[in-house]
>>> print(open('target-v8.txt').read())   # compact mmCIF, C-alpha atoms and all ligand atoms
# COMPACT_ATOMS: atom_id res chain seq x y z
CA MET A 1 -9.47 -22.02 -8.48
CA ALA A 2 -11.16 -22.00 -11.89
CA VAL A 3 -13.61 -19.16 -12.48
CA ARG A 4 -17.08 -20.61 -13.40
CA TYR A 5 -18.80 -17.26 -13.97
CA THR A 6 -17.79 -13.62 -13.97
CA VAL A 7 -19.15 -10.14 -14.65
CA PRO A 8 -21.03 -9.73 -17.95
CA GLY A 9 -18.85 -8.86 -20.94
CA VAL A 10 -15.59 -10.28 -19.51
CA SER A 11 -14.36 -13.78 -20.41
CA THR A 12 -13.67 -16.21 -17.57
CA LYS A 13 -10.09 -16.51 -18.85
CA ASP A 14 -9.55 -12.75 -18.59
CA ALA A 15 -11.28 -12.73 -15.18
CA GLU A 16 -8.89 -15.40 -13.88
CA GLN A 17 -5.95 -13.29 -14.93
CA LEU A 18 -7.32 -10.12 -13.35
CA ILE A 19 -8.24 -11.96 -10.13
CA LYS A 20 -4.58 -12.98 -9.76
CA THR A 21 -3.58 -9.31 -10.07
CA LEU A 22 -6.26 -8.27 -7.56
CA GLN A 23 -5.21 -10.96 -5.07
CA LYS A 24 -1.73 -9.40 -4.97
CA ARG A 25 -3.27 -5.97 -4.31
CA LEU A 26 -5.43 -7.48 -1.54
CA SER A 27 -2.36 -8.89 0.20
CA ALA A 28 -0.49 -5.61 -0.32
CA TYR A 29 -3.33 -3.67 1.33
CA ASN A 30 -3.60 -6.16 4.20
CA ASP A 31 0.15 -5.87 4.75
CA LEU A 32 -0.02 -2.07 4.52
CA HIS A 33 -2.80 -1.48 7.05
CA LEU A 34 -1.06 -3.79 9.56
CA THR A 35 2.26 -2.01 8.95
CA LEU A 36 0.60 1.40 9.41
CA LYS A 37 -0.75 0.31 12.82
CA HIS A 38 2.74 -0.90 13.74
CA VAL A 39 4.06 2.59 12.94
CA HIS A 40 1.17 4.17 14.89
CA TRP A 41 2.31 2.18 17.94
CA ASN A 42 6.09 2.63 17.57
CA VAL A 43 6.69 6.29 16.75
CA ILE A 44 8.41 8.36 19.44
CA GLY A 45 9.76 11.87 19.86
CA PRO A 46 8.75 15.30 18.54
CA TYR A 47 5.52 15.39 16.48
CA PHE A 48 4.47 12.09 18.08
CA ILE A 49 0.81 12.94 18.51
CA ALA A 50 0.44 14.51 15.05
CA VAL A 51 1.81 11.45 13.25
CA HIS A 52 0.27 8.91 15.66
CA GLU A 53 -3.12 10.43 14.86
CA MET A 54 -2.38 11.06 11.15
CA ILE A 55 -1.98 7.33 10.61
CA ASP A 56 -5.29 6.00 11.96
CA PRO A 57 -7.56 7.42 9.22
CA GLN A 58 -5.14 5.93 6.66
CA VAL A 59 -5.44 2.53 8.38
CA ASP A 60 -9.23 2.74 8.04
CA LEU A 61 -8.94 3.82 4.40
CA VAL A 62 -6.58 0.98 3.46
CA ARG A 63 -8.70 -1.59 5.33
CA GLY A 64 -11.63 -0.34 3.28
CA TYR A 65 -9.60 -0.79 0.09
CA ALA A 66 -8.75 -4.36 1.08
CA ASP A 67 -12.48 -4.96 1.53
CA ALA A 68 -13.31 -3.39 -1.85
CA VAL A 69 -10.65 -5.42 -3.67
CA ALA A 70 -11.70 -8.67 -1.96
CA GLU A 71 -15.33 -8.05 -2.89
CA ARG A 72 -14.35 -7.26 -6.49
CA ILE A 73 -12.55 -10.64 -6.61
CA ALA A 74 -15.74 -12.34 -5.35
CA THR A 75 -17.91 -10.34 -7.78
CA MET A 76 -15.69 -11.53 -10.63
CA GLY A 77 -16.24 -15.15 -9.58
CA GLY A 78 -13.03 -15.65 -7.61
CA SER A 79 -12.20 -16.49 -4.01
CA PRO A 80 -10.27 -13.78 -2.12
CA SER A 81 -7.55 -14.99 0.28
CA GLY A 82 -7.39 -12.73 3.33
CA THR A 83 -5.29 -14.77 5.76
CA PRO A 84 -1.86 -13.88 7.17
CA GLY A 85 -0.53 -16.82 5.15
CA ALA A 86 -1.84 -15.23 1.96
CA ILE A 87 0.02 -12.01 2.73
CA GLU A 88 3.23 -13.97 3.27
CA ARG A 89 2.67 -16.01 0.09
CA ASP A 90 1.82 -13.03 -2.15
CA ARG A 91 4.30 -10.42 -1.07
CA THR A 92 7.50 -9.69 -2.97
CA TRP A 93 8.90 -7.45 -0.22
CA LYS A 94 10.32 -8.09 3.25
CA ASP A 95 8.52 -7.46 6.53
CA TYR A 96 8.65 -3.82 7.67
CA SER A 97 11.99 -3.50 9.44
CA ILE A 98 11.77 -0.49 11.80
CA GLY A 99 10.85 -0.95 15.48
CA ARG A 100 10.50 1.77 18.13
CA ASP A 101 11.98 4.84 16.44
CA THR A 102 11.51 8.53 15.74
CA VAL A 103 8.65 9.98 13.75
CA LEU A 104 10.99 10.97 10.91
CA ALA A 105 12.72 7.58 10.79
CA HIS A 106 9.36 5.84 10.38
CA LEU A 107 8.13 8.35 7.80
CA GLY A 108 11.36 7.91 5.80
CA ALA A 109 10.76 4.16 5.76
CA LEU A 110 7.05 4.60 5.01
CA ASP A 111 7.93 6.70 1.96
CA LEU A 112 9.66 3.62 0.54
CA VAL A 113 6.74 1.39 1.51
CA TYR A 114 4.38 3.69 -0.40
CA ASN A 115 6.74 3.74 -3.40
CA GLY A 116 6.37 -0.05 -3.60
CA VAL A 117 2.60 -0.14 -3.14
CA VAL A 118 1.91 2.69 -5.58
CA GLU A 119 4.27 1.37 -8.27
CA ASP A 120 2.58 -2.04 -8.10
CA ASN A 121 -0.85 -0.40 -8.12
CA ARG A 122 0.03 1.47 -11.30
CA LYS A 123 1.05 -1.82 -12.94
CA ALA A 124 -2.25 -3.35 -11.80
CA ILE A 125 -4.13 -0.34 -13.24
CA ALA A 126 -2.45 -0.92 -16.61
CA ALA A 127 -3.29 -4.65 -16.49
CA ALA A 128 -6.91 -3.96 -15.47
CA GLY A 129 -7.23 -1.40 -18.28
CA GLU A 130 -6.78 -4.21 -20.81
CA ILE A 131 -9.63 -6.26 -19.33
CA ASP A 132 -12.07 -4.38 -17.13
CA PRO A 133 -12.60 -0.60 -16.78
CA ILE A 134 -14.65 -1.08 -13.59
CA THR A 135 -11.67 -2.64 -11.78
CA GLU A 136 -9.36 -0.08 -13.39
CA ASP A 137 -11.54 2.75 -12.07
CA MET A 138 -11.55 1.27 -8.54
CA LEU A 139 -7.76 1.00 -8.48
CA ILE A 140 -7.27 4.50 -9.90
CA GLY A 141 -9.40 6.03 -7.12
CA GLN A 142 -7.55 4.07 -4.44
CA THR A 143 -4.13 4.95 -5.83
CA ALA A 144 -4.95 8.67 -5.91
CA GLU A 145 -5.67 8.59 -2.16
CA LEU A 146 -2.52 6.55 -1.44
CA GLU A 147 -0.45 9.09 -3.35
CA LYS A 148 -2.09 11.91 -1.38
CA PHE A 149 -1.12 10.24 1.90
CA GLN A 150 2.43 9.76 0.59
CA TRP A 151 2.51 13.52 0.12
CA PHE A 152 1.57 13.89 3.83
CA VAL A 153 4.51 11.58 4.64
CA ARG A 154 6.91 13.38 2.32
CA ALA A 155 5.94 16.84 3.60
CA HIS A 156 7.65 15.83 6.87
CA LEU A 157 10.81 14.73 5.04
CA GLU A 158 11.27 17.68 2.70
CA ASP A 159 13.90 20.32 3.37
CA LEU A 160 13.73 23.95 2.25
CA GLY A 161 15.58 23.05 -0.96
CA GLY A 162 12.78 20.64 -1.89
CA ASN A 163 14.85 17.50 -1.27
CA LEU A 164 13.42 14.43 0.45
CA ALA A 165 15.56 12.84 3.16
CA SER A 166 14.47 9.38 1.96
CA THR A 167 15.10 9.80 -1.78
CA ASP A 168 18.51 8.16 -2.13
CA SER A 169 17.76 5.15 0.04
CA SER A 170 16.83 1.75 -1.30
CA THR A 171 16.12 0.17 2.10
CA GLU A 172 13.79 1.15 4.96
CA LYS A 173 16.69 1.17 7.41
CA GLY A 174 18.70 3.39 5.04
CA ALA A 175 15.79 5.81 4.65
CA ALA A 176 15.31 5.90 8.43
CA GLU A 177 19.01 6.63 8.96
CA ALA A 178 19.00 9.37 6.29
CA THR A 179 16.40 11.32 8.28
CA ARG A 180 18.81 11.57 11.22
CA THR A 181 21.40 13.54 9.24
CA ASP A 182 19.49 15.27 6.43
CA ALA A 183 16.26 16.37 8.08
FE FE A 201 -4.34 3.57 18.53
>>> encode(input="target-v8.txt", output="structure tokens", more="lines below")
Ligand SMILES: [Fe+2]
Amino acid sequence: MAVRYTVPGVSTKDAEQLIKTLQKRLSAYNDLHLTLKHVHWNVIGPYFIAVHEMIDPQVDLVRGYADAVAERIATMGGSPSGTPGAIERDRTWKDYSIGRDTVLAHLGALDLVYNGVVEDNRKAIAAAGEIDPITEDMLIGQTAELEKFQWFVRAHLEDLGGNLASTDSSTEKGAAEATRTDA
């Protein structure tokens, strides 16, 4: 959709480009808060209640970020797509692959999920920095909180030598399996 107007001081051409970047972040956040609820429902074993309850405030936070990003798209003259189909269309990763499993298995997989979201956020921050410091500022604040939550996740996976059980894995299933032997 062509942008007819945008925020003062930004060209409509630049706004169109930034809106495309923001749409990908919107779908990433929508995917993430759904995935976090899936983990909330599927963790089992020791530390169940701690992690079950640790996840809900993060769901609320990420849902709020989806709302903020969608409203920034609208403010910039674009049309945010918030449907399940948009998530499927925009994402460059596969559906979360762990079902009912231990707390550590899920946290190992979530560490990888957060790697993906945060890396893409940092690229979006760099792209926004070229065009619009207001959007850049929004994404920086969100990313700081996502990184903080990833620390919560990693604190469960770290051994006394400072190694993360999930570090050497490139797949969620691999990271989940690594927590069974290393942690
Ligand atoms: Fe619940």
>>> closest_residue(input="target-v8.txt", among="A:Leu110, A:Leu157, A:Ile55, A:Ile140", to="A:Ala124", atoms="only C-alpha atoms")
A:Ile140
>>> atom_distance(input="target-v8.txt", atom1="atom CA of A:Arg122", atom2="atom CA of A:His52")
28.0 Å
>>> residues_around(input="target-v8.txt", residues="stretch 128-138 of chain A", least_positions_apart="4", cutoff="12 Å", atoms="all atoms listed in the file", output="PyMOL selection string")
chain A and resi 6-22+25+64-73+75-76+121-124+142-145
>>> residues_near_point(input="target-v8.txt", point="(-0.2, 1.7, 1.9)", cutoff="8 Å", atoms="all atoms listed in the file", output="ChimeraX atom specification")
/A:28-29,32-33,36,62,113-114,117-118,146
>>> write_last_selection(input="target-v8.txt", atoms="C-alpha atoms", output="PDB file, in the coordinates of the input")
ATOM      1  CA  ALA A  28      -0.490  -5.610  -0.320  1.00  0.00           C
ATOM      2  CA  TYR A  29      -3.330  -3.670   1.330  1.00  0.00           C
ATOM      3  CA  LEU A  32      -0.020  -2.070   4.520  1.00  0.00           C
ATOM      4  CA  HIS A  33      -2.800  -1.480   7.050  1.00  0.00           C
ATOM      5  CA  LEU A  36       0.600   1.400   9.410  1.00  0.00           C
ATOM      6  CA  VAL A  62      -6.580   0.980   3.460  1.00  0.00           C
ATOM      7  CA  VAL A 113       6.740   1.390   1.510  1.00  0.00           C
ATOM      8  CA  TYR A 114       4.380   3.690  -0.400  1.00  0.00           C
ATOM      9  CA  VAL A 117       2.600  -0.140  -3.140  1.00  0.00           C
ATOM     10  CA  VAL A 118       1.910   2.690  -5.580  1.00  0.00           C
ATOM     11  CA  LEU A 146      -2.520   6.550  -1.440  1.00  0.00           C
TER      12      LEU A 146
END
>>> closest_residue(input="target-v8.txt", among="A:Ile98, A:Leu107, A:Val59, A:Met54", to="A:His156", atoms="all atoms listed in the file")
A:Leu107
>>> closest_residue(input="target-v8.txt", among="A:Ser170, A:Gln23, A:Gln150, A:Thr179", to="A:Thr83", atoms="all atoms listed in the file")
A:Gln23
>>> closest_atom_pairs(input="target-v8.txt", of="chain A", to="ligand FE 201 (chain A)", cutoff="9 Å", atoms="all atoms listed in the file", output="tab-separated table")
residue	atom	partner	partner_atom	distance
A:Lys37	CA	A:FE201	FE	7.5
A:His40	CA	A:FE201	FE	6.6
A:Trp41	CA	A:FE201	FE	6.8
A:His52	CA	A:FE201	FE	7.6
A:Glu53	CA	A:FE201	FE	7.9
A:Asp56	CA	A:FE201	FE	7.1
>>> closest_residue(input="target-v8.txt", among="A:Gly161, A:Gly116, A:Pro46, A:Gly141", to="A:Lys94", atoms="all atoms listed in the file")
A:Gly116
>>> residues_around(input="target-v8.txt", residues="A:Ser97", least_positions_apart="2", cutoff="8 Å", atoms="only C-alpha atoms", output="list in words")
Lys94, Asp95, Gly99, Glu172 and Lys173 of chain A
>>> write_last_selection(input="target-v8.txt", atoms="C-alpha atoms", output="compact mmCIF listing (two decimals), keeping the file's coordinate frame")
# COMPACT_ATOMS: atom_id res chain seq x y z
CA LYS A 94 10.32 -8.09 3.25
CA ASP A 95 8.52 -7.46 6.53
CA GLY A 99 10.85 -0.95 15.48
CA GLU A 172 13.79 1.15 4.96
CA LYS A 173 16.69 1.17 7.41
>>> atom_distance(input="target-v8.txt", atom1="atom CA of A:His38", atom2="atom CA of A:Asp101")
11.2 Å
>>> decode(input="target-v8.txt", residues="stretch 2-27 of chain A", atoms="N, CA and C atoms", output="short mmCIF file (atom, residue, chain, number, x, y, z; two decimals), in the first residue's frame")
data_model
loop_
_atom_site.label_atom_id
_atom_site.label_comp_id
_atom_site.auth_asym_id
_atom_site.auth_seq_id
_atom_site.Cartn_x
_atom_site.Cartn_y
_atom_site.Cartn_z
N ALA A 2 0.60 2.16 -0.92
CA ALA A 2 1.39 3.40 -0.99
C ALA A 2 1.09 4.27 0.21
N VAL A 3 2.12 4.90 0.75
CA VAL A 3 1.96 5.82 1.88
C VAL A 3 1.61 7.21 1.33
N ARG A 4 0.45 7.76 1.73
CA ARG A 4 -0.02 9.09 1.23
C ARG A 4 0.49 10.22 2.12
N TYR A 5 0.67 9.92 3.39
CA TYR A 5 1.19 10.93 4.33
C TYR A 5 2.00 10.18 5.38
N THR A 6 2.89 10.90 6.04
CA THR A 6 3.62 10.28 7.15
C THR A 6 3.97 11.33 8.19
N VAL A 7 4.80 10.96 9.15
CA VAL A 7 5.16 11.91 10.21
C VAL A 7 5.97 13.06 9.61
N PRO A 8 5.86 14.25 10.20
CA PRO A 8 6.59 15.40 9.66
C PRO A 8 8.10 15.17 9.65
N GLY A 9 8.74 15.58 8.56
CA GLY A 9 10.20 15.50 8.48
C GLY A 9 10.73 14.20 7.92
N VAL A 10 9.84 13.25 7.58
CA VAL A 10 10.23 11.98 6.95
C VAL A 10 9.55 11.91 5.59
N SER A 11 10.28 11.52 4.55
CA SER A 11 9.67 11.41 3.22
C SER A 11 8.77 10.17 3.17
N THR A 12 7.77 10.21 2.29
CA THR A 12 6.87 9.05 2.19
C THR A 12 7.64 7.83 1.67
N LYS A 13 8.66 8.07 0.85
CA LYS A 13 9.47 6.95 0.35
C LYS A 13 10.22 6.27 1.50
N ASP A 14 10.85 7.09 2.36
CA ASP A 14 11.54 6.52 3.52
C ASP A 14 10.55 5.82 4.46
N ALA A 15 9.37 6.43 4.63
CA ALA A 15 8.35 5.85 5.52
C ALA A 15 7.93 4.47 5.00
N GLU A 16 7.76 4.35 3.70
CA GLU A 16 7.36 3.05 3.12
C GLU A 16 8.40 1.98 3.44
N GLN A 17 9.65 2.37 3.33
CA GLN A 17 10.73 1.42 3.62
C GLN A 17 10.72 1.01 5.09
N LEU A 18 10.57 1.99 5.97
CA LEU A 18 10.59 1.70 7.40
C LEU A 18 9.36 0.89 7.82
N ILE A 19 8.22 1.16 7.20
CA ILE A 19 6.99 0.41 7.51
C ILE A 19 7.18 -1.07 7.18
N LYS A 20 7.89 -1.36 6.09
CA LYS A 20 8.16 -2.77 5.75
C LYS A 20 8.98 -3.44 6.85
N THR A 21 9.98 -2.71 7.35
CA THR A 21 10.80 -3.24 8.45
C THR A 21 9.94 -3.45 9.70
N LEU A 22 9.08 -2.48 10.01
CA LEU A 22 8.24 -2.57 11.21
C LEU A 22 7.22 -3.70 11.09
N GLN A 23 6.70 -3.92 9.89
CA GLN A 23 5.74 -5.02 9.70
C GLN A 23 6.36 -6.37 10.07
N LYS A 24 7.63 -6.54 9.71
CA LYS A 24 8.32 -7.79 10.07
C LYS A 24 8.48 -7.91 11.59
N ARG A 25 8.74 -6.78 12.27
CA ARG A 25 8.85 -6.82 13.73
C ARG A 25 7.48 -7.11 14.35
N LEU A 26 6.42 -6.55 13.77
CA LEU A 26 5.06 -6.82 14.27
C LEU A 26 4.77 -8.32 14.20
N SER A 27 5.06 -8.93 13.07
CA SER A 27 4.80 -10.37 12.95
C SER A 27 5.71 -11.18 13.87
#
